[in-house]
Amino acid sequence: MAIINQATKELQVKVVYYGPGMGGKTTNLLKVHENIQTAQEKSKMVSLATSSDRTLFFDFLPIEAVAIKGFKTKFQLYTVPGQVIYNTTRQLVLRGVDGIVFVADSQYDKMSENVESFANLEENLKTLKLNLTDIPYVVQYNKRDLPNVAPVEYMEFLLNNREVQVPSFPAVASQCDGVFETLNMITRMLLHKFINESKARSA
């Protein structure tokens, strides 16, 4: 749920990076944070690490974007912990989500984890009375540089086999390949949605 701050003229939008453990969610956010040019455009990244999960509890990163009707759009990027034992935390992070980036691990032996994580995403949204079909999301097929990767077509069949396919991107997040293509698409989709909603309200 985007938050409109009338005092600061800001529209705050929440994007959650979701996917299996060690799939590259945190790497995506680290690369985005590293490559944003000036301190004014980013806040400090906040992480809560756990003893048994190497991924971060969440990352917090506002990015200034184009203005909608005089409002600056600030994107807040979060990751969820990959391990199933932290499912309650995943649900907390998903509260108020506006857009989702599902980061899949391209290695063949990770396909079942990808599918389980995607099903878990849908279940957690349902728990929050949300439906994935109502939320802009994109899929990233990460780790394309490794030797034992599944073809993109196969991953599309497993994770993007819907009536309306969502945008998807091959990526090597550790080298920043595909990171900004993925981010740019989800931000464009969200801005498009909010512009249309604001037009509908004013009509």
# chains A, B, ... in the order shown; residues from 1 in each chain; ligands from 1
call {"tool": "select_by_dssp", "arguments": {"residues": "segment 9-201 of chain A", "states": "strand (DSSP E or B)", "output": "ChimeraX atom specification"}}
result
/A:10-18,62-68,71-79,99-105,107,137-142,149,168-170,172,177
call {"tool": "residues_around", "arguments": {"residues": "segment 110-117 of chain A", "least_positions_apart": "2", "cutoff": "12 Å", "atoms": "only C-alpha atoms", "output": "PyMOL selection string"}}
result
chain A and resi 17-23+80-84+87+90+102-108+119-124+139-143+148-152+154-161
call {"tool": "write_last_selection", "arguments": {"atoms": "N, CA and C atoms", "output": "short mmCIF file (atom, residue, chain, number, x, y, z; two decimals), in the first residue's frame"}}
result
data_model
loop_
_atom_site.label_atom_id
_atom_site.label_comp_id
_atom_site.auth_asym_id
_atom_site.auth_seq_id
_atom_site.Cartn_x
_atom_site.Cartn_y
_atom_site.Cartn_z
N TYR A 17 11.91 -7.99 -2.57
CA TYR A 17 12.63 -9.03 -3.32
C TYR A 17 12.41 -10.36 -2.60
N TYR A 18 11.83 -11.30 -3.31
CA TYR A 18 11.40 -12.58 -2.71
C TYR A 18 12.06 -13.71 -3.48
N GLY A 19 12.26 -14.85 -2.85
CA GLY A 19 12.82 -15.99 -3.55
C GLY A 19 13.51 -16.94 -2.59
N PRO A 20 14.06 -18.05 -3.12
CA PRO A 20 14.68 -19.05 -2.26
C PRO A 20 15.96 -18.53 -1.62
N GLY A 21 16.38 -19.18 -0.54
CA GLY A 21 17.61 -18.80 0.15
C GLY A 21 18.82 -18.87 -0.76
N MET A 22 19.71 -17.92 -0.63
CA MET A 22 20.96 -17.86 -1.39
C MET A 22 20.73 -17.66 -2.89
N GLY A 23 19.55 -17.19 -3.27
CA GLY A 23 19.25 -17.04 -4.70
C GLY A 23 19.78 -15.75 -5.29
N VAL A 80 13.46 -10.54 1.82
CA VAL A 80 12.95 -11.43 2.87
C VAL A 80 14.00 -12.51 3.13
N PRO A 81 14.03 -13.07 4.35
CA PRO A 81 14.95 -14.18 4.60
C PRO A 81 14.55 -15.40 3.78
N GLY A 82 15.54 -16.13 3.30
CA GLY A 82 15.26 -17.27 2.42
C GLY A 82 14.77 -18.51 3.15
N GLN A 83 15.22 -18.71 4.38
CA GLN A 83 14.88 -19.97 5.06
C GLN A 83 13.45 -19.98 5.55
N VAL A 84 12.84 -21.18 5.46
CA VAL A 84 11.42 -21.34 5.79
C VAL A 84 11.13 -21.01 7.25
N ASN A 87 9.41 -17.68 8.19
CA ASN A 87 8.23 -17.35 7.40
C ASN A 87 7.42 -16.21 8.00
N ARG A 90 8.87 -13.11 6.79
CA ARG A 90 8.48 -12.87 5.39
C ARG A 90 7.12 -12.20 5.33
N PHE A 102 10.65 -11.40 -7.92
CA PHE A 102 10.93 -12.77 -7.51
C PHE A 102 12.27 -13.17 -8.12
N VAL A 103 13.25 -13.44 -7.25
CA VAL A 103 14.60 -13.78 -7.70
C VAL A 103 14.76 -15.29 -7.62
N ALA A 104 14.84 -15.93 -8.80
CA ALA A 104 14.98 -17.39 -8.88
C ALA A 104 16.44 -17.76 -9.12
N ASP A 105 16.85 -18.89 -8.58
CA ASP A 105 18.20 -19.43 -8.77
C ASP A 105 18.18 -20.32 -10.01
N SER A 106 19.03 -20.02 -10.99
CA SER A 106 18.97 -20.72 -12.28
C SER A 106 19.56 -22.14 -12.26
N GLN A 107 20.20 -22.54 -11.18
CA GLN A 107 20.81 -23.87 -11.16
C GLN A 107 19.73 -24.96 -11.16
N TYR A 108 19.96 -26.01 -11.95
CA TYR A 108 18.98 -27.09 -12.07
C TYR A 108 18.56 -27.65 -10.71
N ALA A 119 5.34 -20.65 -4.47
CA ALA A 119 4.07 -21.06 -3.84
C ALA A 119 3.95 -20.43 -2.46
N ASN A 120 5.07 -20.36 -1.73
CA ASN A 120 5.08 -19.75 -0.41
C ASN A 120 4.74 -18.26 -0.48
N LEU A 121 5.24 -17.59 -1.52
CA LEU A 121 4.90 -16.18 -1.73
C LEU A 121 3.39 -16.01 -1.88
N GLU A 122 2.77 -16.85 -2.73
CA GLU A 122 1.33 -16.74 -2.94
C GLU A 122 0.56 -17.03 -1.65
N GLU A 123 1.01 -18.04 -0.88
CA GLU A 123 0.35 -18.38 0.39
C GLU A 123 0.43 -17.23 1.38
N ASN A 124 1.63 -16.64 1.49
CA ASN A 124 1.81 -15.53 2.44
C ASN A 124 0.98 -14.31 2.05
N VAL A 139 9.99 -11.30 -12.65
CA VAL A 139 10.80 -12.45 -12.27
C VAL A 139 12.22 -12.26 -12.79
N GLN A 140 13.19 -12.58 -11.95
CA GLN A 140 14.58 -12.53 -12.37
C GLN A 140 15.18 -13.94 -12.28
N TYR A 141 15.81 -14.38 -13.37
CA TYR A 141 16.49 -15.67 -13.40
C TYR A 141 17.98 -15.42 -13.16
N ASN A 142 18.39 -15.56 -11.91
CA ASN A 142 19.73 -15.16 -11.50
C ASN A 142 20.74 -16.31 -11.64
N LYS A 143 22.01 -15.96 -11.51
CA LYS A 143 23.14 -16.91 -11.55
C LYS A 143 23.29 -17.56 -12.91
N ASN A 148 25.77 -25.21 -14.34
CA ASN A 148 24.62 -26.13 -14.37
C ASN A 148 23.29 -25.36 -14.30
N VAL A 149 23.04 -24.50 -15.31
CA VAL A 149 21.81 -23.69 -15.27
C VAL A 149 20.75 -24.26 -16.20
N ALA A 150 19.50 -24.12 -15.78
CA ALA A 150 18.37 -24.54 -16.61
C ALA A 150 18.12 -23.51 -17.70
N PRO A 151 17.62 -23.94 -18.86
CA PRO A 151 17.29 -22.96 -19.91
C PRO A 151 16.21 -21.99 -19.40
N VAL A 152 16.30 -20.76 -19.86
CA VAL A 152 15.32 -19.74 -19.46
C VAL A 152 13.91 -20.21 -19.81
N TYR A 154 12.67 -23.17 -19.80
CA TYR A 154 12.21 -24.13 -18.79
C TYR A 154 11.78 -23.39 -17.52
N MET A 155 12.57 -22.38 -17.12
CA MET A 155 12.23 -21.61 -15.93
C MET A 155 10.95 -20.80 -16.15
N GLU A 156 10.78 -20.30 -17.38
CA GLU A 156 9.54 -19.60 -17.71
C GLU A 156 8.34 -20.53 -17.54
N PHE A 157 8.51 -21.79 -17.98
CA PHE A 157 7.43 -22.78 -17.86
C PHE A 157 7.10 -23.03 -16.38
N LEU A 158 8.13 -23.09 -15.53
CA LEU A 158 7.90 -23.38 -14.11
C LEU A 158 7.34 -22.19 -13.34
N LEU A 159 7.82 -20.98 -13.66
CA LEU A 159 7.55 -19.83 -12.79
C LEU A 159 6.74 -18.71 -13.44
N ASN A 160 6.55 -18.77 -14.74
CA ASN A 160 5.87 -17.66 -15.42
C ASN A 160 4.84 -18.20 -16.41
N ASN A 161 4.28 -19.34 -16.06
CA ASN A 161 3.36 -20.04 -16.96
C ASN A 161 1.92 -19.65 -16.60
#
call {"tool": "residues_around", "arguments": {"residues": "Gln12 of chain A", "least_positions_apart": "2", "cutoff": "8 Å", "atoms": "only C-alpha atoms", "output": "MDAnalysis selection string"}}
result
chainID A and resid 2:5 10 14 73:76
call {"tool": "write_last_selection", "arguments": {"atoms": "N, CA and C atoms", "output": "PDB file, in the first residue's frame"}}
result
ATOM      1  N   ALA A   2       0.895   1.951  -1.091  1.00  0.00           N
ATOM      2  CA  ALA A   2       1.727   3.158  -1.185  1.00  0.00           C
ATOM      3  C   ALA A   2       1.267   4.184  -0.155  1.00  0.00           C
ATOM      4  N   ILE A   3       2.238   4.876   0.438  1.00  0.00           N
ATOM      5  CA  ILE A   3       1.930   5.883   1.462  1.00  0.00           C
ATOM      6  C   ILE A   3       2.165   7.261   0.862  1.00  0.00           C
ATOM      7  N   ILE A   4       1.145   8.111   0.959  1.00  0.00           N
ATOM      8  CA  ILE A   4       1.275   9.481   0.454  1.00  0.00           C
ATOM      9  C   ILE A   4       1.518  10.410   1.642  1.00  0.00           C
ATOM     10  N   ASN A   5       2.657  11.088   1.611  1.00  0.00           N
ATOM     11  CA  ASN A   5       3.007  12.037   2.667  1.00  0.00           C
ATOM     12  C   ASN A   5       2.794  13.447   2.117  1.00  0.00           C
ATOM     13  N   GLU A  10       5.694  13.356  -0.838  1.00  0.00           N
ATOM     14  CA  GLU A  10       6.325  12.108  -1.262  1.00  0.00           C
ATOM     15  C   GLU A  10       5.317  10.976  -1.362  1.00  0.00           C
ATOM     16  N   LYS A  14       6.713   0.472  -1.785  1.00  0.00           N
ATOM     17  CA  LYS A  14       7.477  -0.637  -1.196  1.00  0.00           C
ATOM     18  C   LYS A  14       7.624  -1.783  -2.193  1.00  0.00           C
ATOM     19  N   THR A  73       8.550  10.274  -5.910  1.00  0.00           N
ATOM     20  CA  THR A  73       8.300   8.869  -5.581  1.00  0.00           C
ATOM     21  C   THR A  73       9.545   8.280  -4.955  1.00  0.00           C
ATOM     22  N   LYS A  74       9.391   7.769  -3.753  1.00  0.00           N
ATOM     23  CA  LYS A  74      10.517   7.177  -3.045  1.00  0.00           C
ATOM     24  C   LYS A  74      10.291   5.670  -2.977  1.00  0.00           C
ATOM     25  N   PHE A  75      11.213   4.915  -3.545  1.00  0.00           N
ATOM     26  CA  PHE A  75      11.089   3.452  -3.521  1.00  0.00           C
ATOM     27  C   PHE A  75      11.851   2.888  -2.339  1.00  0.00           C
ATOM     28  N   GLN A  76      11.172   2.036  -1.585  1.00  0.00           N
ATOM     29  CA  GLN A  76      11.808   1.341  -0.476  1.00  0.00           C
ATOM     30  C   GLN A  76      11.966  -0.123  -0.895  1.00  0.00           C
TER      31      GLN A  76
END
call {"tool": "select_by_dssp", "arguments": {"residues": "segment 5-200 of chain A", "states": "helix (DSSP H, G or I)", "output": "number ranges by chain"}}
result
A: 25-35, 39-41, 84-94, 108-127, 132-134, 152-159, 173-175, 179-200
call {"tool": "write_last_selection", "arguments": {"atoms": "C-alpha atoms", "output": "PDB file, in the first residue's frame"}}
result
ATOM      1  CA  LYS A  25      18.036 -11.224  -3.356  1.00  0.00           C
ATOM      2  CA  THR A  26      20.541  -9.516  -1.086  1.00  0.00           C
ATOM      3  CA  THR A  27      23.144  -9.303  -3.873  1.00  0.00           C
ATOM      4  CA  ASN A  28      20.607  -7.409  -6.019  1.00  0.00           C
ATOM      5  CA  LEU A  29      20.067  -4.816  -3.313  1.00  0.00           C
ATOM      6  CA  LEU A  30      23.768  -4.474  -2.533  1.00  0.00           C
ATOM      7  CA  LYS A  31      24.506  -3.842  -6.220  1.00  0.00           C
ATOM      8  CA  VAL A  32      21.709  -1.270  -6.497  1.00  0.00           C
ATOM      9  CA  HIS A  33      22.962   0.467  -3.370  1.00  0.00           C
ATOM     10  CA  GLU A  34      26.584   0.454  -4.590  1.00  0.00           C
ATOM     11  CA  ASN A  35      25.712   1.875  -7.993  1.00  0.00           C
ATOM     12  CA  ALA A  39      24.284  10.074  -1.021  1.00  0.00           C
ATOM     13  CA  GLN A  40      21.181  12.224  -1.485  1.00  0.00           C
ATOM     14  CA  GLU A  41      19.604   9.436  -3.550  1.00  0.00           C
ATOM     15  CA  VAL A  84      11.422 -21.342   5.789  1.00  0.00           C
ATOM     16  CA  ILE A  85      11.852 -20.987   9.561  1.00  0.00           C
ATOM     17  CA  TYR A  86      11.627 -17.228   9.083  1.00  0.00           C
ATOM     18  CA  ASN A  87       8.226 -17.351   7.399  1.00  0.00           C
ATOM     19  CA  THR A  88       6.649 -15.026   9.970  1.00  0.00           C
ATOM     20  CA  THR A  89       9.272 -12.421   9.092  1.00  0.00           C
ATOM     21  CA  ARG A  90       8.483 -12.875   5.392  1.00  0.00           C
ATOM     22  CA  GLN A  91       4.829 -12.113   6.127  1.00  0.00           C
ATOM     23  CA  LEU A  92       5.790  -8.999   8.119  1.00  0.00           C
ATOM     24  CA  VAL A  93       8.003  -7.721   5.295  1.00  0.00           C
ATOM     25  CA  LEU A  94       5.221  -8.340   2.745  1.00  0.00           C
ATOM     26  CA  TYR A 108      18.981 -27.092 -12.073  1.00  0.00           C
ATOM     27  CA  ASP A 109      19.198 -28.467  -8.533  1.00  0.00           C
ATOM     28  CA  LYS A 110      17.434 -25.349  -7.195  1.00  0.00           C
ATOM     29  CA  MET A 111      14.268 -25.679  -9.320  1.00  0.00           C
ATOM     30  CA  SER A 112      12.186 -27.313  -6.586  1.00  0.00           C
ATOM     31  CA  GLU A 113      13.241 -24.561  -4.148  1.00  0.00           C
ATOM     32  CA  ASN A 114      12.225 -21.913  -6.694  1.00  0.00           C
ATOM     33  CA  VAL A 115       8.787 -23.494  -7.137  1.00  0.00           C
ATOM     34  CA  GLU A 116       8.316 -23.928  -3.369  1.00  0.00           C
ATOM     35  CA  SER A 117       9.329 -20.318  -2.719  1.00  0.00           C
ATOM     36  CA  PHE A 118       6.922 -19.020  -5.366  1.00  0.00           C
ATOM     37  CA  ALA A 119       4.073 -21.063  -3.843  1.00  0.00           C
ATOM     38  CA  ASN A 120       5.083 -19.749  -0.408  1.00  0.00           C
ATOM     39  CA  LEU A 121       4.896 -16.177  -1.735  1.00  0.00           C
ATOM     40  CA  GLU A 122       1.325 -16.743  -2.940  1.00  0.00           C
ATOM     41  CA  GLU A 123       0.347 -18.385   0.388  1.00  0.00           C
ATOM     42  CA  ASN A 124       1.805 -15.534   2.439  1.00  0.00           C
ATOM     43  CA  LEU A 125       0.007 -12.954   0.311  1.00  0.00           C
ATOM     44  CA  LYS A 126      -3.268 -14.828   0.827  1.00  0.00           C
ATOM     45  CA  THR A 127      -2.638 -14.760   4.585  1.00  0.00           C
ATOM     46  CA  LEU A 132      -0.461 -11.878  -6.608  1.00  0.00           C
ATOM     47  CA  THR A 133      -2.535 -11.147  -9.714  1.00  0.00           C
ATOM     48  CA  ASP A 134      -3.344  -7.688  -8.256  1.00  0.00           C
ATOM     49  CA  VAL A 152      15.323 -19.744 -19.463  1.00  0.00           C
ATOM     50  CA  GLU A 153      12.407 -21.356 -21.390  1.00  0.00           C
ATOM     51  CA  TYR A 154      12.208 -24.130 -18.785  1.00  0.00           C
ATOM     52  CA  MET A 155      12.228 -21.614 -15.930  1.00  0.00           C
ATOM     53  CA  GLU A 156       9.537 -19.599 -17.713  1.00  0.00           C
ATOM     54  CA  PHE A 157       7.430 -22.775 -17.856  1.00  0.00           C
ATOM     55  CA  LEU A 158       7.904 -23.377 -14.110  1.00  0.00           C
ATOM     56  CA  LEU A 159       7.551 -19.832 -12.788  1.00  0.00           C
ATOM     57  CA  ALA A 173      23.520 -10.168  -9.879  1.00  0.00           C
ATOM     58  CA  SER A 174      27.058 -10.599  -8.536  1.00  0.00           C
ATOM     59  CA  GLN A 175      28.302  -8.800 -11.695  1.00  0.00           C
ATOM     60  CA  VAL A 179      19.996  -5.953 -11.752  1.00  0.00           C
ATOM     61  CA  PHE A 180      18.956  -2.524 -12.988  1.00  0.00           C
ATOM     62  CA  GLU A 181      16.922  -3.921 -15.901  1.00  0.00           C
ATOM     63  CA  THR A 182      14.844  -5.790 -13.312  1.00  0.00           C
ATOM     64  CA  LEU A 183      14.553  -2.788 -10.983  1.00  0.00           C
ATOM     65  CA  ASN A 184      13.729  -0.370 -13.799  1.00  0.00           C
ATOM     66  CA  MET A 185      10.889  -2.585 -15.017  1.00  0.00           C
ATOM     67  CA  ILE A 186       9.201  -2.998 -11.615  1.00  0.00           C
ATOM     68  CA  THR A 187       9.509   0.753 -10.925  1.00  0.00           C
ATOM     69  CA  ARG A 188       8.033   1.566 -14.350  1.00  0.00           C
ATOM     70  CA  MET A 189       5.142  -0.849 -13.748  1.00  0.00           C
ATOM     71  CA  LEU A 190       4.431   0.707 -10.356  1.00  0.00           C
ATOM     72  CA  LEU A 191       4.586   4.287 -11.632  1.00  0.00           C
ATOM     73  CA  HIS A 192       2.284   3.350 -14.513  1.00  0.00           C
ATOM     74  CA  LYS A 193      -0.177   1.830 -12.044  1.00  0.00           C
ATOM     75  CA  PHE A 194      -0.179   4.871  -9.746  1.00  0.00           C
ATOM     76  CA  ILE A 195      -0.500   7.316 -12.641  1.00  0.00           C
ATOM     77  CA  ASN A 196      -3.518   5.373 -13.960  1.00  0.00           C
ATOM     78  CA  GLU A 197      -5.073   5.216 -10.479  1.00  0.00           C
ATOM     79  CA  SER A 198      -4.571   8.934  -9.969  1.00  0.00           C
ATOM     80  CA  LYS A 199      -6.169   9.667 -13.357  1.00  0.00           C
ATOM     81  CA  ALA A 200      -9.126   7.415 -12.476  1.00  0.00           C
TER      82      ALA A 200
END
call {"tool": "atom_distance", "arguments": {"atom1": "atom CA of Val138 of chain A", "atom2": "atom CA of Val13 of chain A"}}
result
15.6 Å
